[in-house]
Amino acid sequence: MSIELTAVQRKILSFALFGAAGCFVAALVGELWLSATWRAPIVQKQPLAVCLLLDCSGSMSGPKLAEMKAAASSFVQRRQGSGDEIAIVGFGSQVHLAAPLSTQHAGLQTAINSLTDGGGTNMAAGLRAALAQLQTSERPGNVLLFTDGQPNSQPDALQAAGECRAQAVKIVAVATEGADTSYLGTVTDDPTLVIAVKVGNFEQAFQQAEKKIFGRQLAESTPTRAGFGYALVRMGIWTALLAAGLALALIIGQNHYLRRTLLDKRQAIIGGFSGLAAGLLAGAIGQLVFAGTTDASSAVVEIVRIFGWTVLGALVGVGLAMFVPNLKPLRGMAGGAVGGIAGAIGFFIVGLLLGDVVARLLGAAIVGFCIGAMIALIEAVFREAWLEIHYGPKEMRTVALGRTPIAIGSNAESCTVFASGAANVALRYTLQDGHISCEDVPAERTFDVEPGDRRTVGNLDVVVCAARPTLSAASRPEIARQTSPPSGSPGEQEVGAATPMQSDVSDAPFQLRIRGRRIPLALGSRLTASDVAGLETTEPDGAVAEVAAHPQNPDMLGLRNLSTRPWSATMANGKQKQVEPGKNVRLATGITIEFGVLKGRIE
């Protein structure tokens, strides 16, 4: 169990790291695209009315007041030529209308610099003065409130804020040291519209407030000169690059996991174009939804952002189902969607902490990591049966079984798993209707196999595993008649070949656990050298052991030594017994038997 868990973890980690690397590299290319197509801000389609409501109380005196004025002046400068109506109102003990609402911004910086008071914090009067200015305009109203302290009357300020919201005026608050951010969350009626800031970072805080007022796009926050159609194409190409990079990286990761050629021409073309198509569609959907959220709260905007990444992950997951053996499209979609949600949350967190470019690069890597990990996890959790590919005692891979055949052989182009020294296509495994079939291609025969079946193909061992026991071929006469079991002398059979005398695991009272597989032990079961390697026998059918009943007690079973060398058995109580050829060891849970080079345990 621990080996399988390690194999699953290795696959999940491999997909996650390749996904992260692919998205990061694609995001670097995407940054070049965004930089080449960026256009400076100009007139918005729907200009807004904004009142800068600035705290000029005594606690703001000195460098803090100067920094606030500089940040407010930069805000005004960035809105030059936008067509927005802007008013400047200061408040302390009194309210100061420094500049009424106007689209003429030439004198606004002078108005900002003229603000002074030094008294208390009459926030309620300031909010009502801002509302009075915004009511003179037919445009959507917004208040950018900057404060560092508590209002003179919290109930009065809350009432004034309610009057603003009743007139559909959005309030965005910038709170520096001394301000109660929890209270301001009530003032804005949305905690995400409160920006906490320290001295020295007022400029960045005003930029964040600007984003919350004027809205932003799926991946970047700077308004562009172009209209919606241009933004749709521009961001669609960005997400297309990201999705293509992710799809190709996960294909490479899958091939690396199975020791195949990292990327052939067919995979590059199909994976690249399917990724581009998925990214264009996801980006277009995201931007279309974003078009209706310019005036929505930040929480709604982030939900829409998560929706966009969810769509992208789901589409990439569907496309990847073409390259991951027996990954069902719906499961790929589910894994990609869940990964997209987790990645979007990570994207949002780094976006709060870092600038746009760094956030996009790290955010893209997080999205790729989560999508890759979730697709691999979904594939592992919901598979019904799989193959363990053992390259050695310490290296093992797993491949899910399903209707799509898993081919093993030395032809890297036509085989899912490459096996050096084997036939071009040695074996093909399929899972249909709960039954696992193995096709011996060179021998032209097909037969059913059970969980625990082990075979050597070239330089590797292949073990069949399943989440639940499958119906054996012996219990299905119609299959037994139509297929042929492997033949030949014991030395010529592949390791793990099923013997006709073995019973189904579910019917056997005991099992022999040896070399990572469980062999059912029921009355009459005979084990060959292919089951217990290293033993020789003189039996015509190559059997080296047989389950026999006690002569006086038929309910008591023993394992008879049919080989030419003695075994060493250790009982559950620690006592040891030598089992000479022709002798029996009574079967009981907990007994270990050394057959020579191999050791097994009775379960």
# chains A, B, ... in the order shown; residues from 1 in each chain; ligands from 1
call {"tool": "residues_around", "arguments": {"residues": "Ala106 in chain A", "least_positions_apart": "6", "cutoff": "10 Å", "atoms": "only C-alpha atoms", "output": "list of chain:residue names"}}
result
A:Val76, A:Gln77, A:Gln80
call {"tool": "write_last_selection", "arguments": {"atoms": "N, CA and C atoms", "output": "CSV table (one decimal), in the first residue's frame"}}
result
chain,number,residue,atom,x,y,z
A,76,VAL,N,-5.5,62.3,-9.6
A,76,VAL,CA,-6.1,63.2,-10.5
A,76,VAL,C,-5.3,63.2,-11.8
A,77,GLN,N,-4.0,63.2,-11.8
A,77,GLN,CA,-3.2,63.2,-13.0
A,77,GLN,C,-3.5,62.0,-13.9
A,80,GLN,N,-6.5,62.4,-16.1
A,80,GLN,CA,-6.6,63.5,-17.1
A,80,GLN,C,-7.0,63.0,-18.4
call {"tool": "select_by_dssp", "arguments": {"residues": "range 130-348 of chain A", "states": "helix (DSSP H, G or I)", "output": "CSV table (one decimal) with C-alpha atoms, in the first residue's frame"}}
result
chain,number,residue,atom,x,y,z
A,130,ALA,CA,-19.6,64.7,-1.1
A,131,LEU,CA,-23.1,63.4,-1.7
A,132,ALA,CA,-24.3,66.9,-2.4
A,133,GLN,CA,-21.7,67.3,-5.1
A,134,LEU,CA,-22.4,63.9,-6.7
A,154,GLN,CA,-19.9,56.9,14.5
A,155,PRO,CA,-23.7,56.6,14.3
A,156,ASP,CA,-23.9,59.9,12.5
A,157,ALA,CA,-21.2,58.9,10.0
A,158,LEU,CA,-23.0,55.5,9.4
A,159,GLN,CA,-26.2,57.4,8.8
A,160,ALA,CA,-24.5,59.7,6.3
A,161,ALA,CA,-23.0,56.6,4.5
A,162,GLY,CA,-26.4,55.0,4.3
A,163,GLU,CA,-27.7,58.2,2.7
A,164,CYS,CA,-24.9,57.9,0.1
A,165,ARG,CA,-25.7,54.2,-0.7
A,166,ALA,CA,-29.4,55.0,-0.9
A,181,THR,CA,-11.1,49.1,9.3
A,182,SER,CA,-13.9,47.0,10.7
A,183,TYR,CA,-16.1,50.1,11.2
A,184,LEU,CA,-15.1,51.4,7.7
A,185,GLY,CA,-16.3,48.1,6.3
A,186,THR,CA,-19.7,49.0,7.7
A,187,VAL,CA,-19.5,52.4,6.2
A,188,THR,CA,-18.7,51.0,2.7
A,191,PRO,CA,-15.2,45.1,3.6
A,192,THR,CA,-13.4,44.4,0.3
A,193,LEU,CA,-13.8,48.1,-0.5
A,202,PHE,CA,-0.4,56.0,0.1
A,203,GLU,CA,0.3,56.1,-3.7
A,204,GLN,CA,-0.3,52.3,-4.0
A,205,ALA,CA,-3.4,52.5,-1.9
A,206,PHE,CA,-4.9,55.2,-4.2
A,207,GLN,CA,-4.1,53.0,-7.2
A,208,GLN,CA,-5.9,50.1,-5.6
A,209,ALA,CA,-8.9,52.4,-4.8
A,210,GLU,CA,-8.9,53.5,-8.4
A,211,LYS,CA,-9.1,49.9,-9.6
A,212,LYS,CA,-12.1,49.3,-7.3
A,213,ILE,CA,-13.9,52.4,-8.6
A,214,PHE,CA,-13.2,52.0,-12.3
A,228,PHE,CA,-14.2,46.1,-25.3
A,229,GLY,CA,-13.6,44.2,-28.5
A,230,TYR,CA,-9.9,44.9,-28.4
A,231,ALA,CA,-9.7,43.9,-24.8
A,232,LEU,CA,-11.6,40.7,-25.5
A,233,VAL,CA,-9.1,39.7,-28.2
A,234,ARG,CA,-6.0,40.8,-26.3
A,235,MET,CA,-6.8,39.0,-23.1
A,236,GLY,CA,-8.2,36.0,-25.0
A,237,ILE,CA,-4.7,35.6,-26.6
A,238,TRP,CA,-3.1,35.9,-23.2
A,239,THR,CA,-5.2,33.1,-21.8
A,240,ALA,CA,-4.7,31.1,-25.0
A,241,LEU,CA,-0.9,31.2,-24.5
A,242,LEU,CA,-1.3,30.2,-20.9
A,243,ALA,CA,-3.6,27.2,-21.7
A,244,ALA,CA,-1.4,26.1,-24.6
A,245,GLY,CA,1.7,26.2,-22.3
A,246,LEU,CA,-0.2,24.3,-19.7
A,247,ALA,CA,-1.5,21.6,-22.1
A,248,LEU,CA,1.9,21.0,-23.7
A,249,ALA,CA,3.7,20.9,-20.3
A,250,LEU,CA,1.2,18.3,-18.9
A,251,ILE,CA,1.6,16.2,-22.1
A,252,ILE,CA,5.4,16.4,-21.6
A,253,GLY,CA,5.0,15.5,-17.9
A,254,GLN,CA,2.8,12.4,-18.8
A,255,ASN,CA,5.4,11.2,-21.3
A,256,HIS,CA,8.3,11.8,-18.9
A,257,TYR,CA,6.4,9.9,-16.2
A,265,LYS,CA,4.9,16.1,-33.7
A,266,ARG,CA,1.3,14.9,-33.4
A,267,GLN,CA,1.1,15.7,-29.7
A,268,ALA,CA,2.7,19.1,-30.2
A,269,ILE,CA,0.1,20.0,-32.9
A,270,ILE,CA,-3.0,18.6,-31.2
A,271,GLY,CA,-2.0,19.7,-27.7
A,272,GLY,CA,-0.9,23.1,-28.8
A,273,PHE,CA,-4.0,23.9,-30.9
A,274,SER,CA,-6.4,22.4,-28.4
A,275,GLY,CA,-4.8,24.5,-25.6
A,276,LEU,CA,-5.0,27.6,-27.7
A,277,ALA,CA,-8.7,27.0,-28.4
A,278,ALA,CA,-9.4,26.3,-24.7
A,279,GLY,CA,-7.6,29.5,-23.7
A,280,LEU,CA,-9.3,31.7,-26.3
A,281,LEU,CA,-12.7,30.3,-25.2
A,282,ALA,CA,-12.0,30.7,-21.5
A,283,GLY,CA,-10.6,34.2,-21.9
A,284,ALA,CA,-13.6,35.3,-24.1
A,285,ILE,CA,-16.1,33.9,-21.5
A,286,GLY,CA,-14.2,35.6,-18.7
A,287,GLN,CA,-14.0,39.0,-20.4
A,288,LEU,CA,-17.7,38.8,-21.5
A,289,VAL,CA,-18.7,38.2,-17.9
A,290,PHE,CA,-16.3,41.0,-16.7
A,298,SER,CA,-14.8,43.6,-5.5
A,299,ALA,CA,-16.2,40.3,-4.1
A,300,VAL,CA,-18.3,39.8,-7.3
A,301,VAL,CA,-15.3,40.7,-9.5
A,302,GLU,CA,-13.2,38.1,-7.8
A,303,ILE,CA,-15.9,35.5,-8.1
A,304,VAL,CA,-16.1,36.2,-11.8
A,305,ARG,CA,-12.3,35.9,-12.0
A,306,ILE,CA,-12.4,32.5,-10.3
A,307,PHE,CA,-15.1,31.5,-12.8
A,308,GLY,CA,-12.8,32.3,-15.7
A,309,TRP,CA,-10.0,30.2,-14.3
A,310,THR,CA,-12.4,27.4,-13.6
A,311,VAL,CA,-13.5,27.3,-17.2
A,312,LEU,CA,-9.9,27.3,-18.4
A,313,GLY,CA,-9.0,24.4,-16.1
A,314,ALA,CA,-12.0,22.4,-17.2
A,315,LEU,CA,-11.3,22.8,-20.9
A,316,VAL,CA,-7.6,21.9,-20.5
A,317,GLY,CA,-8.7,18.9,-18.5
A,318,VAL,CA,-11.0,17.7,-21.3
A,319,GLY,CA,-8.2,18.2,-23.8
A,320,LEU,CA,-5.7,16.3,-21.7
A,329,PRO,CA,-13.1,13.5,-20.4
A,330,LEU,CA,-15.6,14.3,-17.6
A,331,ARG,CA,-13.1,13.3,-14.9
A,332,GLY,CA,-10.4,15.4,-16.7
A,333,MET,CA,-12.9,18.3,-16.7
A,334,ALA,CA,-13.7,17.9,-13.0
A,335,GLY,CA,-10.0,17.8,-12.1
A,336,GLY,CA,-9.2,20.8,-14.2
A,337,ALA,CA,-12.1,22.8,-12.9
A,338,VAL,CA,-11.2,22.1,-9.2
A,339,GLY,CA,-7.6,22.9,-10.0
A,340,GLY,CA,-8.7,26.2,-11.7
A,341,ILE,CA,-10.7,27.2,-8.6
A,342,ALA,CA,-7.7,26.5,-6.3
A,343,GLY,CA,-5.3,28.2,-8.6
A,344,ALA,CA,-7.6,31.3,-8.9
A,345,ILE,CA,-7.6,31.7,-5.1
A,346,GLY,CA,-3.8,31.5,-5.1
A,347,PHE,CA,-3.8,34.0,-8.0
A,348,PHE,CA,-6.0,36.4,-6.0
call {"tool": "closest_residue", "arguments": {"among": "A:Ala467, A:Val425, A:Ile171, A:Leu354", "to": "Val381 in chain A", "atoms": "only C-alpha atoms"}}
result
A:Ala467
call {"tool": "residues_around", "arguments": {"residues": "Arg403 in chain A", "least_positions_apart": "6", "cutoff": "12 Å", "atoms": "only C-alpha atoms", "output": "list in words"}}
result
Pro325, Asn326, Leu327, Lys328, Glu384, Ala385, Trp386, Arg428, Tyr429, Thr430, Leu431, Gln432, Asp433, Gly434, His435, Ile436 and Ser437 of chain A
call {"tool": "closest_residue", "arguments": {"among": "A:Val532, A:Val357, A:Leu258, A:Leu28", "to": "Ala419 in chain A", "atoms": "only C-alpha atoms"}}
result
A:Leu258
call {"tool": "atom_distance", "arguments": {"atom1": "CA of Phe18 in chain A", "atom2": "CA of Trp38 in chain A"}}
result
29.5 Å
call {"tool": "atom_distance", "arguments": {"atom1": "CA of Ile389 in chain A", "atom2": "CA of Phe447 in chain A"}}
result
19.7 Å
call {"tool": "residues_around", "arguments": {"residues": "range 66-71 of chain A", "least_positions_apart": "2", "cutoff": "8 Å", "atoms": "only C-alpha atoms", "output": "list of chain:residue names"}}
result
A:Gly62, A:Pro63, A:Lys64, A:Ser73, A:Ser74, A:Phe75, A:Ile112, A:Asn113, A:Gly200, A:Phe202, A:Glu203, A:Phe206
call {"tool": "residues_around", "arguments": {"residues": "Tyr391 in chain A", "least_positions_apart": "3", "cutoff": "7 Å", "atoms": "only C-alpha atoms", "output": "list in words"}}
result
Glu395, Met396, Asn459, Leu460 and Asp461 of chain A
call {"tool": "write_last_selection", "arguments": {"atoms": "C-alpha atoms", "output": "PDB file, in the first residue's frame"}}
result
ATOM      1  CA  GLU A 395      11.146   2.620  -9.226  1.00  0.00           C
ATOM      2  CA  MET A 396       7.543   2.076 -10.216  1.00  0.00           C
ATOM      3  CA  ASN A 459      13.411  -4.925 -18.801  1.00  0.00           C
ATOM      4  CA  LEU A 460      10.352  -4.377 -16.613  1.00  0.00           C
ATOM      5  CA  ASP A 461       7.708  -6.222 -14.601  1.00  0.00           C
TER       6      ASP A 461
END
call {"tool": "residues_around", "arguments": {"residues": "Ser420 in chain A", "least_positions_apart": "6", "cutoff": "10 Å", "atoms": "only C-alpha atoms", "output": "list in words"}}
result
Ile408, Gly409, Ser410, Asn411, Ala412, Val457, Gly458, Asn459 and Leu460 of chain A
call {"tool": "residues_around", "arguments": {"residues": "Asp180 in chain A", "least_positions_apart": "6", "cutoff": "12 Å", "atoms": "only C-alpha atoms", "output": "JSON, numbers by chain"}}
result
{"A": [147, 148, 149, 150, 151, 154, 173, 174, 186, 187, 191, 194, 195, 196, 197]}
call {"tool": "atom_distance", "arguments": {"atom1": "CA of Leu115 in chain A", "atom2": "CA of Gly92 in chain A"}}
result
10.0 Å
call {"tool": "decode", "arguments": {"residues": "range 63-79 of chain A", "atoms": "all heavy atoms", "output": "PDB file, in the first residue's frame"}}
result
ATOM      1  N   PRO A  63       4.124  65.116   7.692  1.00  0.00           N
ATOM      2  CA  PRO A  63       4.444  64.305   6.497  1.00  0.00           C
ATOM      3  C   PRO A  63       3.271  63.459   6.010  1.00  0.00           C
ATOM      4  O   PRO A  63       3.137  63.208   4.818  1.00  0.00           O
ATOM      5  CB  PRO A  63       5.600  63.411   6.981  1.00  0.00           C
ATOM      6  CG  PRO A  63       6.201  64.135   8.136  1.00  0.00           C
ATOM      7  CD  PRO A  63       5.066  64.864   8.800  1.00  0.00           C
ATOM      8  N   LYS A  64       2.406  63.013   6.920  1.00  0.00           N
ATOM      9  CA  LYS A  64       1.277  62.182   6.510  1.00  0.00           C
ATOM     10  C   LYS A  64       0.332  62.957   5.596  1.00  0.00           C
ATOM     11  O   LYS A  64      -0.128  62.435   4.567  1.00  0.00           O
ATOM     12  CB  LYS A  64       0.519  61.687   7.752  1.00  0.00           C
ATOM     13  CG  LYS A  64      -0.492  60.573   7.456  1.00  0.00           C
ATOM     14  CD  LYS A  64      -1.343  60.251   8.662  1.00  0.00           C
ATOM     15  CE  LYS A  64      -0.523  59.728   9.810  1.00  0.00           C
ATOM     16  NZ  LYS A  64      -1.388  59.285  10.940  1.00  0.00           N
ATOM     17  N   LEU A  65       0.046  64.214   5.943  1.00  0.00           N
ATOM     18  CA  LEU A  65      -0.830  65.048   5.120  1.00  0.00           C
ATOM     19  C   LEU A  65      -0.194  65.310   3.761  1.00  0.00           C
ATOM     20  O   LEU A  65      -0.862  65.267   2.719  1.00  0.00           O
ATOM     21  CB  LEU A  65      -1.136  66.367   5.839  1.00  0.00           C
ATOM     22  CG  LEU A  65      -2.065  67.338   5.107  1.00  0.00           C
ATOM     23  CD1 LEU A  65      -3.448  66.719   4.905  1.00  0.00           C
ATOM     24  CD2 LEU A  65      -2.169  68.664   5.873  1.00  0.00           C
ATOM     25  N   ALA A  66       1.120  65.559   3.766  1.00  0.00           N
ATOM     26  CA  ALA A  66       1.824  65.825   2.504  1.00  0.00           C
ATOM     27  C   ALA A  66       1.793  64.599   1.594  1.00  0.00           C
ATOM     28  O   ALA A  66       1.591  64.720   0.376  1.00  0.00           O
ATOM     29  CB  ALA A  66       3.268  66.237   2.798  1.00  0.00           C
ATOM     30  N   GLU A  67       1.984  63.407   2.171  1.00  0.00           N
ATOM     31  CA  GLU A  67       1.966  62.186   1.353  1.00  0.00           C
ATOM     32  C   GLU A  67       0.574  61.937   0.783  1.00  0.00           C
ATOM     33  O   GLU A  67       0.421  61.521  -0.366  1.00  0.00           O
ATOM     34  CB  GLU A  67       2.419  60.991   2.183  1.00  0.00           C
ATOM     35  CG  GLU A  67       2.527  59.709   1.350  1.00  0.00           C
ATOM     36  CD  GLU A  67       2.896  58.487   2.163  1.00  0.00           C
ATOM     37  OE1 GLU A  67       3.223  58.639   3.362  1.00  0.00           O
ATOM     38  OE2 GLU A  67       2.848  57.361   1.609  1.00  0.00           O
ATOM     39  N   MET A  68      -0.471  62.187   1.599  1.00  0.00           N
ATOM     40  CA  MET A  68      -1.842  62.012   1.110  1.00  0.00           C
ATOM     41  C   MET A  68      -2.128  62.954  -0.055  1.00  0.00           C
ATOM     42  O   MET A  68      -2.728  62.555  -1.064  1.00  0.00           O
ATOM     43  CB  MET A  68      -2.837  62.263   2.234  1.00  0.00           C
ATOM     44  CG  MET A  68      -4.301  62.099   1.808  1.00  0.00           C
ATOM     45  SD  MET A  68      -5.468  62.758   3.001  1.00  0.00           S
ATOM     46  CE  MET A  68      -5.176  64.531   2.832  1.00  0.00           C
ATOM     47  N   LYS A  69      -1.710  64.213   0.073  1.00  0.00           N
ATOM     48  CA  LYS A  69      -1.948  65.184  -0.997  1.00  0.00           C
ATOM     49  C   LYS A  69      -1.221  64.761  -2.274  1.00  0.00           C
ATOM     50  O   LYS A  69      -1.771  64.881  -3.383  1.00  0.00           O
ATOM     51  CB  LYS A  69      -1.493  66.569  -0.564  1.00  0.00           C
ATOM     52  CG  LYS A  69      -2.371  67.209   0.514  1.00  0.00           C
ATOM     53  CD  LYS A  69      -1.855  68.593   0.889  1.00  0.00           C
ATOM     54  CE  LYS A  69      -2.759  69.262   1.921  1.00  0.00           C
ATOM     55  NZ  LYS A  69      -2.275  70.620   2.277  1.00  0.00           N
ATOM     56  N   ALA A  70       0.000  64.247  -2.146  1.00  0.00           N
ATOM     57  CA  ALA A  70       0.755  63.799  -3.322  1.00  0.00           C
ATOM     58  C   ALA A  70       0.060  62.627  -4.000  1.00  0.00           C
ATOM     59  O   ALA A  70      -0.043  62.568  -5.235  1.00  0.00           O
ATOM     60  CB  ALA A  70       2.182  63.421  -2.918  1.00  0.00           C
ATOM     61  N   ALA A  71      -0.436  61.677  -3.199  1.00  0.00           N
ATOM     62  CA  ALA A  71      -1.123  60.520  -3.772  1.00  0.00           C
ATOM     63  C   ALA A  71      -2.424  60.936  -4.442  1.00  0.00           C
ATOM     64  O   ALA A  71      -2.783  60.424  -5.516  1.00  0.00           O
ATOM     65  CB  ALA A  71      -1.395  59.488  -2.678  1.00  0.00           C
ATOM     66  N   ALA A  72      -3.166  61.867  -3.824  1.00  0.00           N
ATOM     67  CA  ALA A  72      -4.403  62.359  -4.423  1.00  0.00           C
ATOM     68  C   ALA A  72      -4.121  63.096  -5.729  1.00  0.00           C
ATOM     69  O   ALA A  72      -4.871  62.977  -6.708  1.00  0.00           O
ATOM     70  CB  ALA A  72      -5.134  63.262  -3.444  1.00  0.00           C
ATOM     71  N   SER A  73      -3.032  63.874  -5.752  1.00  0.00           N
ATOM     72  CA  SER A  73      -2.659  64.602  -6.980  1.00  0.00           C
ATOM     73  C   SER A  73      -2.328  63.619  -8.102  1.00  0.00           C
ATOM     74  O   SER A  73      -2.696  63.836  -9.263  1.00  0.00           O
ATOM     75  CB  SER A  73      -1.468  65.520  -6.701  1.00  0.00           C
ATOM     76  OG  SER A  73      -1.810  66.517  -5.766  1.00  0.00           O
ATOM     77  N   SER A  74      -1.635  62.516  -7.764  1.00  0.00           N
ATOM     78  CA  SER A  74      -1.316  61.501  -8.787  1.00  0.00           C
ATOM     79  C   SER A  74      -2.584  60.847  -9.315  1.00  0.00           C
ATOM     80  O   SER A  74      -2.699  60.545 -10.508  1.00  0.00           O
ATOM     81  CB  SER A  74      -0.385  60.429  -8.196  1.00  0.00           C
ATOM     82  OG  SER A  74       0.855  60.988  -7.829  1.00  0.00           O
ATOM     83  N   PHE A  75      -3.542  60.609  -8.424  1.00  0.00           N
ATOM     84  CA  PHE A  75      -4.831  60.057  -8.839  1.00  0.00           C
ATOM     85  C   PHE A  75      -5.475  60.962  -9.881  1.00  0.00           C
ATOM     86  O   PHE A  75      -5.941  60.501 -10.931  1.00  0.00           O
ATOM     87  CB  PHE A  75      -5.742  59.923  -7.610  1.00  0.00           C
ATOM     88  CG  PHE A  75      -7.131  59.455  -7.927  1.00  0.00           C
ATOM     89  CD1 PHE A  75      -7.472  58.120  -7.843  1.00  0.00           C
ATOM     90  CD2 PHE A  75      -8.121  60.350  -8.319  1.00  0.00           C
ATOM     91  CE1 PHE A  75      -8.761  57.687  -8.133  1.00  0.00           C
ATOM     92  CE2 PHE A  75      -9.411  59.930  -8.609  1.00  0.00           C
ATOM     93  CZ  PHE A  75      -9.730  58.581  -8.524  1.00  0.00           C
ATOM     94  N   VAL A  76      -5.502  62.271  -9.593  1.00  0.00           N
ATOM     95  CA  VAL A  76      -6.105  63.232 -10.521  1.00  0.00           C
ATOM     96  C   VAL A  76      -5.346  63.247 -11.839  1.00  0.00           C
ATOM     97  O   VAL A  76      -5.947  63.288 -12.925  1.00  0.00           O
ATOM     98  CB  VAL A  76      -6.120  64.631  -9.875  1.00  0.00           C
ATOM     99  CG1 VAL A  76      -6.505  65.688 -10.903  1.00  0.00           C
ATOM    100  CG2 VAL A  76      -7.081  64.660  -8.690  1.00  0.00           C
ATOM    101  N   GLN A  77      -4.036  63.187 -11.760  1.00  0.00           N
ATOM    102  CA  GLN A  77      -3.224  63.229 -12.976  1.00  0.00           C
ATOM    103  C   GLN A  77      -3.503  62.013 -13.864  1.00  0.00           C
ATOM    104  O   GLN A  77      -3.545  62.125 -15.090  1.00  0.00           O
ATOM    105  CB  GLN A  77      -1.738  63.287 -12.594  1.00  0.00           C
ATOM    106  CG  GLN A  77      -0.820  63.616 -13.757  1.00  0.00           C
ATOM    107  CD  GLN A  77       0.608  63.837 -13.295  1.00  0.00           C
ATOM    108  OE1 GLN A  77       0.991  63.429 -12.210  1.00  0.00           O
ATOM    109  NE2 GLN A  77       1.400  64.506 -14.103  1.00  0.00           N
ATOM    110  N   ARG A  78      -3.681  60.854 -13.251  1.00  0.00           N
ATOM    111  CA  ARG A  78      -3.964  59.647 -14.040  1.00  0.00           C
ATOM    112  C   ARG A  78      -5.318  59.722 -14.730  1.00  0.00           C
ATOM    113  O   ARG A  78      -5.541  59.054 -15.734  1.00  0.00           O
ATOM    114  CB  ARG A  78      -3.920  58.406 -13.132  1.00  0.00           C
ATOM    115  CG  ARG A  78      -2.534  57.972 -12.722  1.00  0.00           C
ATOM    116  CD  ARG A  78      -2.538  56.585 -12.101  1.00  0.00           C
ATOM    117  NE  ARG A  78      -3.318  56.512 -10.864  1.00  0.00           N
ATOM    118  CZ  ARG A  78      -2.838  56.782  -9.661  1.00  0.00           C
ATOM    119  NH1 ARG A  78      -1.576  57.170  -9.516  1.00  0.00           N
ATOM    120  NH2 ARG A  78      -3.610  56.676  -8.585  1.00  0.00           N
ATOM    121  N   ARG A  79      -6.237  60.500 -14.189  1.00  0.00           N
ATOM    122  CA  ARG A  79      -7.564  60.618 -14.783  1.00  0.00           C
ATOM    123  C   ARG A  79      -7.659  61.753 -15.789  1.00  0.00           C
ATOM    124  O   ARG A  79      -8.746  62.022 -16.332  1.00  0.00           O
ATOM    125  CB  ARG A  79      -8.626  60.838 -13.691  1.00  0.00           C
ATOM    126  CG  ARG A  79      -8.638  59.809 -12.569  1.00  0.00           C
ATOM    127  CD  ARG A  79      -8.586  58.390 -13.050  1.00  0.00           C
ATOM    128  NE  ARG A  79      -9.685  58.026 -13.930  1.00  0.00           N
ATOM    129  CZ  ARG A  79      -9.757  56.894 -14.606  1.00  0.00           C
ATOM    130  NH1 ARG A  79      -8.768  56.014 -14.528  1.00  0.00           N
ATOM    131  NH2 ARG A  79     -10.793  56.639 -15.369  1.00  0.00           N
TER     132      ARG A  79
END
